[in-house]
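Structure below is start.txt: compact mmCIF, C-alpha atoms and all ligand atoms.
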# COMPACT_ATOMS: atom_id res chain seq x y z
CA MET G 22 91.38 91.24 99.96
CA SER G 23 87.77 92.28 100.55
CA ASP G 24 85.54 89.19 100.96
CA LEU G 25 83.60 89.53 97.70
CA GLY G 26 86.28 91.46 95.82
CA GLY G 27 83.94 94.50 95.87
CA ALA G 28 83.92 97.81 97.70
CA PRO G 29 85.47 97.78 101.17
CA LYS G 30 83.15 97.85 104.17
CA CYS G 31 82.76 101.49 105.29
CA LEU G 32 82.76 101.90 109.05
CA ARG G 33 81.81 105.36 110.23
CA THR G 34 81.83 105.21 114.02
CA PRO G 35 84.12 103.65 116.65
CA THR G 36 81.27 101.25 117.56
CA GLU G 37 80.93 100.03 113.95
CA MET G 38 84.70 99.63 113.72
CA HIS G 39 84.87 97.67 117.00
CA ARG G 40 82.06 95.36 115.86
CA TRP G 41 83.73 94.67 112.48
CA ARG G 42 86.99 93.86 114.28
CA ASP G 43 85.20 91.42 116.63
CA GLU G 44 83.70 89.70 113.59
CA ASN G 45 87.11 89.52 111.86
CA PRO G 46 89.55 87.99 114.37
CA VAL G 47 92.42 87.66 111.88
CA LYS G 48 95.92 89.13 111.42
CA LEU G 49 95.09 92.70 110.56
CA GLY G 50 97.12 95.51 109.02
CA LEU G 51 96.09 99.15 109.52
CA VAL G 52 97.16 102.00 107.26
CA PRO G 53 96.24 105.30 108.95
CA THR G 54 95.75 108.19 106.50
CA MET G 55 94.14 111.60 106.25
CA GLY G 56 92.81 110.69 102.79
CA TYR G 57 93.43 112.29 99.40
CA LEU G 58 95.35 109.14 98.70
CA HIS G 59 98.44 109.08 96.51
CA GLU G 60 100.95 106.47 95.41
CA GLY G 61 102.78 106.79 98.75
CA HIS G 62 99.65 105.64 100.62
CA LEU G 63 98.97 102.98 98.02
CA SER G 64 102.44 101.51 98.52
CA LEU G 65 101.74 101.14 102.28
CA ILE G 66 98.37 99.56 101.53
CA ARG G 67 99.87 97.12 99.02
CA ARG G 68 102.41 96.03 101.58
CA SER G 69 99.77 95.59 104.27
CA CYS G 70 97.62 93.48 101.91
CA VAL G 71 100.60 91.18 101.27
CA GLU G 72 101.65 90.85 104.93
CA ASN G 73 98.26 90.48 106.64
CA VAL G 74 95.08 88.47 106.23
CA LYS G 75 92.99 91.65 106.14
CA THR G 76 93.72 95.35 105.79
CA VAL G 77 91.88 98.36 107.16
CA VAL G 78 92.62 101.87 105.88
CA SER G 79 91.54 104.77 108.06
CA ILE G 80 90.68 108.14 106.55
CA PHE G 81 90.39 110.94 109.05
CA VAL G 82 91.59 114.52 108.77
CA ASN G 83 92.48 114.82 112.41
CA PRO G 84 91.70 118.34 113.69
CA THR G 85 93.77 118.02 116.88
CA GLN G 86 97.05 117.78 114.96
CA PHE G 87 96.50 121.10 113.16
CA GLY G 88 97.47 124.34 114.87
CA ILE G 89 95.64 127.65 114.70
CA GLY G 90 96.26 129.22 111.28
CA GLU G 91 97.32 125.90 109.74
CA ASP G 92 95.64 124.29 106.74
CA LEU G 93 92.86 122.20 108.34
CA ALA G 94 90.08 124.00 106.43
CA VAL G 95 91.79 123.59 103.06
CA TYR G 96 93.36 120.17 103.60
CA PRO G 97 92.55 118.31 100.35
CA ARG G 98 89.68 115.84 100.57
CA ASP G 99 88.02 113.55 98.02
CA GLU G 100 86.18 110.70 99.67
CA GLU G 101 84.64 109.34 96.47
CA ARG G 102 87.98 109.07 94.70
CA ASP G 103 89.64 107.56 97.80
CA LEU G 104 86.93 104.88 98.09
CA ALA G 105 87.26 104.04 94.39
CA LEU G 106 91.02 103.59 94.81
CA LEU G 107 90.54 101.43 97.91
CA THR G 108 88.02 99.29 96.04
CA GLU G 109 90.60 98.76 93.27
CA MET G 110 93.21 97.86 95.89
CA GLY G 111 90.91 95.25 97.43
CA VAL G 112 91.14 96.53 101.01
CA ASP G 113 88.68 94.91 103.41
CA ALA G 114 87.42 97.87 105.38
CA VAL G 115 87.72 101.64 105.55
CA TYR G 116 87.38 103.36 108.88
CA ILE G 117 86.13 106.84 108.08
CA PRO G 118 84.79 108.34 111.29
CA SER G 119 83.27 111.80 111.63
CA SER G 120 85.02 114.40 113.74
CA ASP G 121 82.14 114.28 116.24
CA SER G 122 82.41 110.55 116.72
CA MET G 123 86.17 110.82 117.32
CA TYR G 124 86.01 113.95 119.48
CA PRO G 125 82.60 114.34 121.12
CA PRO G 126 82.04 117.66 122.96
CA ASP G 127 83.14 116.27 126.35
CA PHE G 128 86.41 114.77 125.00
CA GLN G 129 89.33 115.52 127.33
CA THR G 130 91.98 112.79 127.12
CA PHE G 131 95.16 113.46 125.16
CA VAL G 132 98.39 111.51 124.76
CA SER G 133 101.59 113.51 124.71
CA LEU G 134 105.24 112.59 124.54
CA GLU G 135 108.05 114.50 126.18
CA GLY G 136 111.56 115.03 124.72
CA LEU G 137 111.10 113.62 121.24
CA THR G 138 108.40 116.12 120.31
CA ARG G 139 110.01 119.34 121.54
CA HIS G 140 112.22 120.15 118.54
CA LEU G 141 112.02 120.05 114.72
CA GLU G 142 108.33 119.76 113.72
CA GLY G 143 107.33 120.00 117.38
CA ALA G 144 109.03 123.40 117.74
CA SER G 145 107.25 124.86 114.71
CA ARG G 146 103.94 123.10 115.30
CA PRO G 147 103.16 123.08 119.04
CA ASN G 148 100.62 120.35 119.93
CA HIS G 149 100.95 118.72 116.51
CA PHE G 150 102.39 115.50 117.93
CA ARG G 151 99.96 115.51 120.81
CA GLY G 152 97.21 115.35 118.17
CA VAL G 153 99.01 112.63 116.20
CA ALA G 154 99.73 110.50 119.30
CA THR G 155 96.14 110.88 120.49
CA VAL G 156 94.52 109.94 117.21
CA VAL G 157 96.88 107.02 116.58
CA THR G 158 96.18 105.71 120.10
CA LYS G 159 92.45 106.00 119.41
CA LEU G 160 92.81 104.24 116.04
CA PHE G 161 94.84 101.41 117.57
CA SER G 162 92.37 100.99 120.40
CA VAL G 163 89.37 100.49 118.10
CA VAL G 164 91.02 98.75 115.14
CA HIS G 165 93.38 96.49 117.15
CA PRO G 166 95.80 95.91 114.28
CA GLU G 167 98.70 93.48 114.56
CA ARG G 168 100.71 95.75 112.27
CA SER G 169 100.48 99.38 111.22
CA TYR G 170 102.23 101.07 108.30
CA PHE G 171 103.80 104.56 108.27
CA GLY G 172 105.88 106.41 105.69
CA LYS G 173 109.48 107.39 106.42
CA LYS G 174 108.89 110.84 104.91
CA ASP G 175 107.41 111.96 108.23
CA ALA G 176 110.50 110.82 110.09
CA GLN G 177 109.75 112.44 113.42
CA GLN G 178 106.15 111.22 113.36
CA LEU G 179 107.42 107.68 112.76
CA ARG G 180 109.79 107.89 115.78
CA VAL G 181 106.98 109.36 117.90
CA ILE G 182 104.69 106.46 117.05
CA GLN G 183 107.42 103.87 117.66
CA ARG G 184 108.06 105.48 121.08
CA LEU G 185 104.32 105.59 121.81
CA VAL G 186 103.74 101.86 121.22
CA THR G 187 106.86 100.96 123.22
CA ASP G 188 106.04 103.23 126.16
CA LEU G 189 102.38 102.23 126.35
CA ASN G 190 103.04 98.51 125.65
CA MET G 191 100.74 98.49 122.67
CA PRO G 192 100.83 95.13 120.88
CA VAL G 193 101.23 96.67 117.41
CA GLU G 194 104.21 96.23 115.12
CA ILE G 195 105.07 99.53 113.41
CA ILE G 196 106.28 99.01 109.85
CA PRO G 197 108.31 101.92 108.41
CA CYS G 198 107.92 102.22 104.62
CA ASP G 199 110.17 103.98 102.12
CA THR G 200 109.27 107.43 100.81
CA VAL G 201 107.71 107.40 97.36
CA ARG G 202 108.87 110.17 95.02
CA GLU G 203 107.87 111.80 91.77
CA SER G 204 110.31 111.19 88.90
CA ASP G 205 112.02 114.52 89.69
CA GLY G 206 112.56 113.50 93.32
CA LEU G 207 109.76 115.41 95.07
CA ALA G 208 108.41 113.28 97.93
CA LEU G 209 104.71 112.55 97.49
CA SER G 210 102.38 114.37 99.85
CA SER G 211 98.68 115.18 99.67
CA ARG G 212 99.60 118.83 100.24
CA ASN G 213 101.62 119.02 96.99
CA VAL G 214 98.35 119.71 95.20
CA HIS G 215 98.46 123.22 96.72
CA LEU G 216 101.76 124.10 95.00
CA SER G 217 101.48 126.61 92.17
CA SER G 218 103.16 125.60 88.90
CA GLU G 219 106.13 127.85 89.69
CA GLU G 220 106.44 126.37 93.19
CA ARG G 221 106.11 122.84 91.83
CA LYS G 222 109.02 123.49 89.47
CA VAL G 223 111.41 124.46 92.28
CA ALA G 224 110.18 121.93 94.88
CA PRO G 225 112.56 119.09 93.79
CA LEU G 226 115.49 121.22 95.00
CA LEU G 227 114.62 119.93 98.47
CA TYR G 228 115.56 116.38 97.51
CA LYS G 229 118.56 117.61 95.51
CA SER G 230 119.93 119.23 98.67
CA LEU G 231 119.59 115.90 100.48
CA GLN G 232 121.29 114.06 97.63
CA LYS G 233 124.21 116.46 98.01
CA ALA G 234 124.39 115.50 101.71
CA ARG G 235 124.41 111.84 100.81
CA SER G 236 127.08 112.25 98.16
CA LEU G 237 129.34 114.14 100.61
CA PHE G 238 128.76 111.44 103.22
CA ASP G 239 129.31 108.57 100.76
CA ASN G 240 132.57 110.22 99.73
CA GLY G 241 133.81 110.10 103.31
CA GLU G 242 132.77 113.48 104.73
CA ARG G 243 131.99 113.04 108.43
CA CYS G 244 131.72 116.65 109.64
CA GLY G 245 128.06 117.24 110.55
CA ASN G 246 128.30 121.02 110.27
CA LEU G 247 129.87 120.90 106.83
CA ILE G 248 127.06 118.65 105.55
CA ARG G 249 124.34 120.82 107.15
CA ASP G 250 125.92 123.94 105.62
CA ALA G 251 126.09 122.37 102.16
CA VAL G 252 122.37 121.52 102.30
CA ARG G 253 121.46 124.98 103.60
CA GLU G 254 123.48 126.63 100.85
CA ILE G 255 121.57 124.76 98.14
CA LEU G 256 118.21 125.58 99.71
CA SER G 257 119.18 129.26 100.10
CA GLN G 258 119.64 129.53 96.34
CA GLU G 259 115.86 129.37 95.91
CA SER G 260 114.21 132.57 97.08
CA LEU G 261 110.78 130.91 97.17
CA PHE G 262 111.97 128.60 99.98
CA GLU G 263 111.54 129.82 103.53
CA ILE G 264 113.83 127.43 105.41
CA ASP G 265 112.54 126.23 108.78
CA TYR G 266 115.30 123.77 109.63
CA VAL G 267 118.16 121.69 108.27
CA SER G 268 118.95 119.06 110.84
CA LEU G 269 121.40 116.19 111.06
CA THR G 270 120.53 113.88 113.92
CA ASP G 271 121.06 110.45 115.33
CA ASP G 272 118.81 108.19 113.29
CA GLN G 273 116.80 106.89 116.27
CA SER G 274 116.86 109.50 119.05
CA LEU G 275 116.70 112.48 116.65
CA ILE G 276 119.27 114.21 118.86
CA GLU G 277 121.36 116.64 116.82
CA ILE G 278 124.83 115.32 115.95
CA GLU G 279 127.46 117.85 116.96
CA GLY G 280 130.95 117.22 115.59
CA LEU G 281 131.67 114.04 113.68
CA ILE G 282 129.08 111.59 112.39
CA GLU G 283 130.00 108.28 114.01
CA ARG G 284 126.66 106.47 113.94
CA PRO G 285 123.72 106.21 111.50
CA GLY G 286 122.24 109.64 110.95
CA LEU G 287 119.22 111.26 109.47
CA ILE G 288 119.29 114.53 107.62
CA MET G 289 115.93 116.29 107.72
CA VAL G 290 114.75 119.47 106.07
CA ALA G 291 111.59 121.53 106.35
CA VAL G 292 110.75 124.54 104.21
CA LYS G 293 107.71 126.64 103.53
CA LEU G 294 107.02 126.97 99.81
CA GLY G 295 104.10 129.34 99.23
CA SER G 296 101.38 128.05 101.56
CA VAL G 297 102.81 124.52 101.69
CA ARG G 298 105.12 123.10 104.34
CA LEU G 299 107.42 120.58 102.67
CA LEU G 300 109.37 117.97 104.63
CA ASP G 301 111.93 115.48 103.45
CA ASN G 302 114.80 113.44 104.83
CA ILE G 303 117.36 110.79 103.96
CA GLU G 304 119.22 108.30 106.07
CA LEU G 305 123.02 108.44 106.24
CA ARG G 306 124.18 104.83 106.62
CA PHE G 307 127.72 103.50 106.96
O1 LIG G 401 100.60 110.97 108.50
C1 LIG G 401 99.38 111.19 108.52
O2 LIG G 401 98.67 111.16 107.52
C2 LIG G 401 98.72 111.52 109.86
O3 LIG G 401 99.56 112.25 110.67
C3 LIG G 401 98.20 110.26 110.60
C4 LIG G 401 99.32 109.33 110.99
C5 LIG G 401 97.20 109.52 109.72
C6 LIG G 401 97.48 110.68 111.89
O4 LIG G 401 96.42 111.54 111.63
As structure tokens, what does this structure read like?
Ligand code: PAF
Amino acid sequence: MSDLGGAPKCLRTPTEMHRWRDENPVKLGLVPTMGYLHEGHLSLIRRSCVENVKTVVSIFVNPTQFGIGEDLAVYPRDEERDLALLTEMGVDAVYIPSSDSMYPPDFQTFVSLEGLTRHLEGASRPNHFRGVATVVTKLFSVVHPERSYFGKKDAQQLRVIQRLVTDLNMPVEIIPCDTVRESDGLALSSRNVHLSSEERKVAPLLYKSLQKARSLFDNGERCGNLIRDAVREILSQESLFEIDYVSLTDDQSLIEIEGLIERPGLIMVAVKLGSVRLLDNIELRF
């Protein structure tokens, strides 16, 4: 909780953030966000507030994880509303750096991972994970959290960050948090605000296709191709969906499962709906 129960301390440069951390040598949770907060973010923040002495939320629309022609310029932003929500939540500090303070003109150090980032989102969004890994490394190195909270909706991002902290021996525990959904099943995402009313109506079909996969699996189906095909068939029924991938992988390595499913799997889908890229996934557990 913030010390006086008021607005969180706003830290706008890496130096201010470093100083605040030095003055607050306690168990700290970090919730990295790009702002335009929704219930999914709030659920991560709530959990961090319970599990740590203090919580920092970062808000930074990270330009290096957007490709040319992607939605950086129109990514939804509302700092005033975000700060009001964070005040209500009682977070201790908000790290809200400017782009210039994160990436000064002579910036030239990037963090990139190899195999895990080549397929799925990485194939459609070259350099996306390089941007994510770089900004998360920068956040961890100024905030020094003991724990950091990430949503399972961005399944590949979560695995990338888990790999990053393991490979670079970062002393941060990554806490995966369940996807939060609208009542019709659509996974929450800041980008949903860009869906037209017609697109919004059909968007829950994404989750329905995943539920079909789960029901086949729970009823004993173990053929990966059959499950992938069933999901693809449901998605193909909606002409507004432009399917990017339907993937059934090993839950941890994200290597595609060929043949029978004999270990925990993850079924992931990505579609373009109008101007919005929608992602979702569910775990297939024995
Ligand atoms: O998931 C997000 O919002 C972003 O990718 C993250 C982790 C905050 C890095 O910019």
Inset, instruction - Find the spatial neighbours of range 157-161 of chain G, counting all atoms listed in the file, within a cut-off of 8 Å - ignore same-chain residues fewer than 5 positions away - and output them as a PyMOL selection string. - result: chain G and resi 53+132+166+182+193
Inset, instruction - Return as number ranges by chain the residues of protein, DNA or RNA that approach ligand LIG 401 (chain G) to within 10 Å, with only C-alpha atoms and all ligand atoms taken into account. - result: G: 52-58, 62, 78-87, 149-150, 152-158, 160, 170-175, 178-179, 182, 210-211
Inset, instruction - Name the closest residue to Trp41 in chain G among the candidates G:Asp239, G:Asp113, G:Glu101, G:Glu60; distances are taken between atoms, counting only C-alpha atoms. - result: G:Asp113
Inset, instruction - Provide the CA of Leu107 in chain G to CA of Gly88 in chain G distance in Å, to one decimal place. - result: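 Here the two named atoms are 29.3 Å from each other.
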Inset, instruction - Write out as JSON, numbers by chain the residues lying within 10 Å of Gly26 in chain G, counting all atoms listed in the file and excluding same-chain residues fewer than 5 positions away. - result: {"G": [108, 109, 110, 111, 112, 113]}
Inset, instruction - Pull the neighbourhood of (125.3, 104.0, 105.5) for me: all residues within 9 Å in file coordinates, counting all atoms listed in the file, as JSON, numbers by chain. - result: {"G": [238, 239, 284, 285, 286, 304, 305, 306, 307]}
Please save C-alpha atoms of the selected residues as a PDB file, in the frame of the given file.
ATOM      1  CA  PHE G 238     128.760 111.440 103.220  1.00  0.00           C
ATOM      2  CA  ASP G 239     129.310 108.570 100.760  1.00  0.00           C
ATOM      3  CA  ARG G 284     126.660 106.470 113.940  1.00  0.00           C
ATOM      4  CA  PRO G 285     123.720 106.210 111.500  1.00  0.00           C
ATOM      5  CA  GLY G 286     122.240 109.640 110.950  1.00  0.00           C
ATOM      6  CA  GLU G 304     119.220 108.300 106.070  1.00  0.00           C
ATOM      7  CA  LEU G 305     123.020 108.440 106.240  1.00  0.00           C
ATOM      8  CA  ARG G 306     124.180 104.830 106.620  1.00  0.00           C
ATOM      9  CA  PHE G 307     127.720 103.500 106.960  1.00  0.00           C
TER      10      PHE G 307
END
Legend entry - Option closest in space to Met289 in chain G, from G:Met38, G:Leu227, G:Leu237, G:Ala105 [counting only C-alpha atoms]: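 Among G:Met38, G:Leu227, G:Leu237, G:Ala105, it is G:Leu227 that comes nearest to Met289 in chain G.
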Inset, instruction - Between CA of Leu65 in chain G and CA of Cys198 in chain G, measure the distance and give it in Å to one decimal. - result: 6.7 Å
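Our summary of the geometry notes that CA of Gly206 in chain G is positioned 26.7 Å from CA of Gln183 in chain G.
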Legend entry - Exercise: range 119-123 of chain G partners within 7 Å, all atoms listed in the file, chain neighbours under 2 positions left out, as a list of chain:residue names: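 Selected residues are G:Arg33, G:Thr34, G:Ile117, G:Pro125.
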Legend entry - Using all atoms listed in the file: which of G:Glu259, G:Glu91, G:Glu194, G:Asp271 has the shortest distance to Glu167 in chain G: G:Glu194
Legend entry - Minimum-distance residue to Val163 in chain G, chosen among G:Val181, G:Val267, G:Leu256, G:Val77 (using only C-alpha atoms):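 Answer, going by the shortest atom-to-atom distance: G:Val77.
Neighbours of Ser257 in chain G closer than or equal to 12 Å, with all atoms listed in the file counted and sequence neighbours fewer than 5 positions away skipped, come out as G:Leu226, G:Leu227, G:Ser230, G:Asp250, G:Ala251, G:Val252, G:Phe262, G:Glu263, G:Ile264, G:Asp265, G:Tyr266, G:Val267, G:Val292.
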Legend entry - Distance query Lys48 in chain G at most 7 Å, all atoms listed in the file, self and fewer than 4 positions along chain excluded, as a PyMOL selection string: chain G and resi 73-75+167
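Of the residues under consideration (G:Ser162, G:Ser64, G:Thr130, G:Ser69), G:Ser162 shows the shortest atom-to-atom contact distance to Arg42 in chain G when counting all atoms listed in the file.
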Would you mind completing range 181-203 of chain G to N, CA, C and O atoms and writing the output as a tab-separated table (two decimals), keeping the file's coordinate frame?
chain	number	residue	atom	x	y	z
G	181	VAL	N	107.95	109.10	116.84
G	181	VAL	CA	106.98	109.36	117.90
G	181	VAL	C	106.06	108.14	118.07
G	181	VAL	O	105.78	107.69	119.19
G	182	ILE	N	105.63	107.58	116.95
G	182	ILE	CA	104.69	106.46	117.05
G	182	ILE	C	105.40	105.20	117.56
G	182	ILE	O	104.85	104.44	118.37
G	183	GLN	N	106.65	105.01	117.13
G	183	GLN	CA	107.42	103.87	117.66
G	183	GLN	C	107.59	104.00	119.17
G	183	GLN	O	107.45	103.04	119.91
G	184	ARG	N	107.88	105.22	119.63
G	184	ARG	CA	108.06	105.48	121.08
G	184	ARG	C	106.75	105.22	121.82
G	184	ARG	O	106.71	104.61	122.88
G	185	LEU	N	105.66	105.72	121.21
G	185	LEU	CA	104.32	105.59	121.81
G	185	LEU	C	103.97	104.12	122.07
G	185	LEU	O	103.55	103.74	123.16
G	186	VAL	N	104.15	103.27	121.04
G	186	VAL	CA	103.74	101.86	121.22
G	186	VAL	C	104.66	101.16	122.22
G	186	VAL	O	104.21	100.30	122.97
G	187	THR	N	105.94	101.56	122.25
G	187	THR	CA	106.86	100.96	123.22
G	187	THR	C	106.46	101.39	124.63
G	187	THR	O	106.28	100.57	125.53
G	188	ASP	N	106.30	102.71	124.82
G	188	ASP	CA	106.04	103.23	126.16
G	188	ASP	C	104.71	102.75	126.72
G	188	ASP	O	104.57	102.52	127.91
G	189	LEU	N	103.70	102.62	125.86
G	189	LEU	CA	102.38	102.23	126.35
G	189	LEU	C	102.10	100.74	126.14
G	189	LEU	O	100.96	100.29	126.27
G	190	ASN	N	103.16	99.98	125.82
G	190	ASN	CA	103.04	98.51	125.65
G	190	ASN	C	101.90	98.12	124.73
G	190	ASN	O	101.12	97.22	125.03
G	191	MET	N	101.81	98.84	123.62
G	191	MET	CA	100.74	98.49	122.67
G	191	MET	C	101.21	97.32	121.80
G	191	MET	O	102.32	97.38	121.25
G	192	PRO	N	100.39	96.30	121.63
G	192	PRO	CA	100.83	95.13	120.88
G	192	PRO	C	100.69	95.32	119.36
G	192	PRO	O	100.00	94.57	118.68
G	193	VAL	N	101.32	96.36	118.85
G	193	VAL	CA	101.23	96.67	117.41
G	193	VAL	C	102.65	96.78	116.87
G	193	VAL	O	103.48	97.49	117.45
G	194	GLU	N	102.89	96.10	115.76
G	194	GLU	CA	104.21	96.23	115.12
G	194	GLU	C	104.14	97.40	114.14
G	194	GLU	O	103.25	97.44	113.28
G	195	ILE	N	105.06	98.36	114.31
G	195	ILE	CA	105.07	99.53	113.41
G	195	ILE	C	106.01	99.21	112.25
G	195	ILE	O	107.17	98.88	112.45
G	196	ILE	N	105.48	99.33	111.04
G	196	ILE	CA	106.28	99.01	109.85
G	196	ILE	C	106.62	100.32	109.11
G	196	ILE	O	105.73	100.95	108.52
G	197	PRO	N	107.90	100.71	109.14
G	197	PRO	CA	108.31	101.92	108.41
G	197	PRO	C	108.42	101.60	106.91
G	197	PRO	O	108.97	100.57	106.55
G	198	CYS	N	107.90	102.48	106.08
G	198	CYS	CA	107.92	102.22	104.62
G	198	CYS	C	108.63	103.37	103.90
G	198	CYS	O	108.47	104.54	104.26
G	199	ASP	N	109.37	103.00	102.84
G	199	ASP	CA	110.17	103.98	102.12
G	199	ASP	C	109.31	105.10	101.52
G	199	ASP	O	108.18	104.87	101.12
G	200	THR	N	109.93	106.27	101.44
G	200	THR	CA	109.27	107.43	100.81
G	200	THR	C	109.10	107.17	99.31
G	200	THR	O	110.02	106.68	98.67
G	201	VAL	N	107.93	107.51	98.80
G	201	VAL	CA	107.71	107.40	97.36
G	201	VAL	C	107.85	108.80	96.76
G	201	VAL	O	107.37	109.78	97.33
G	202	ARG	N	108.54	108.87	95.62
G	202	ARG	CA	108.87	110.17	95.02
G	202	ARG	C	108.34	110.29	93.59
G	202	ARG	O	108.20	109.28	92.90
G	203	GLU	N	108.12	111.53	93.19
G	203	GLU	CA	107.87	111.80	91.77
G	203	GLU	C	109.16	111.53	91.00
G	203	GLU	O	110.24	111.45	91.62
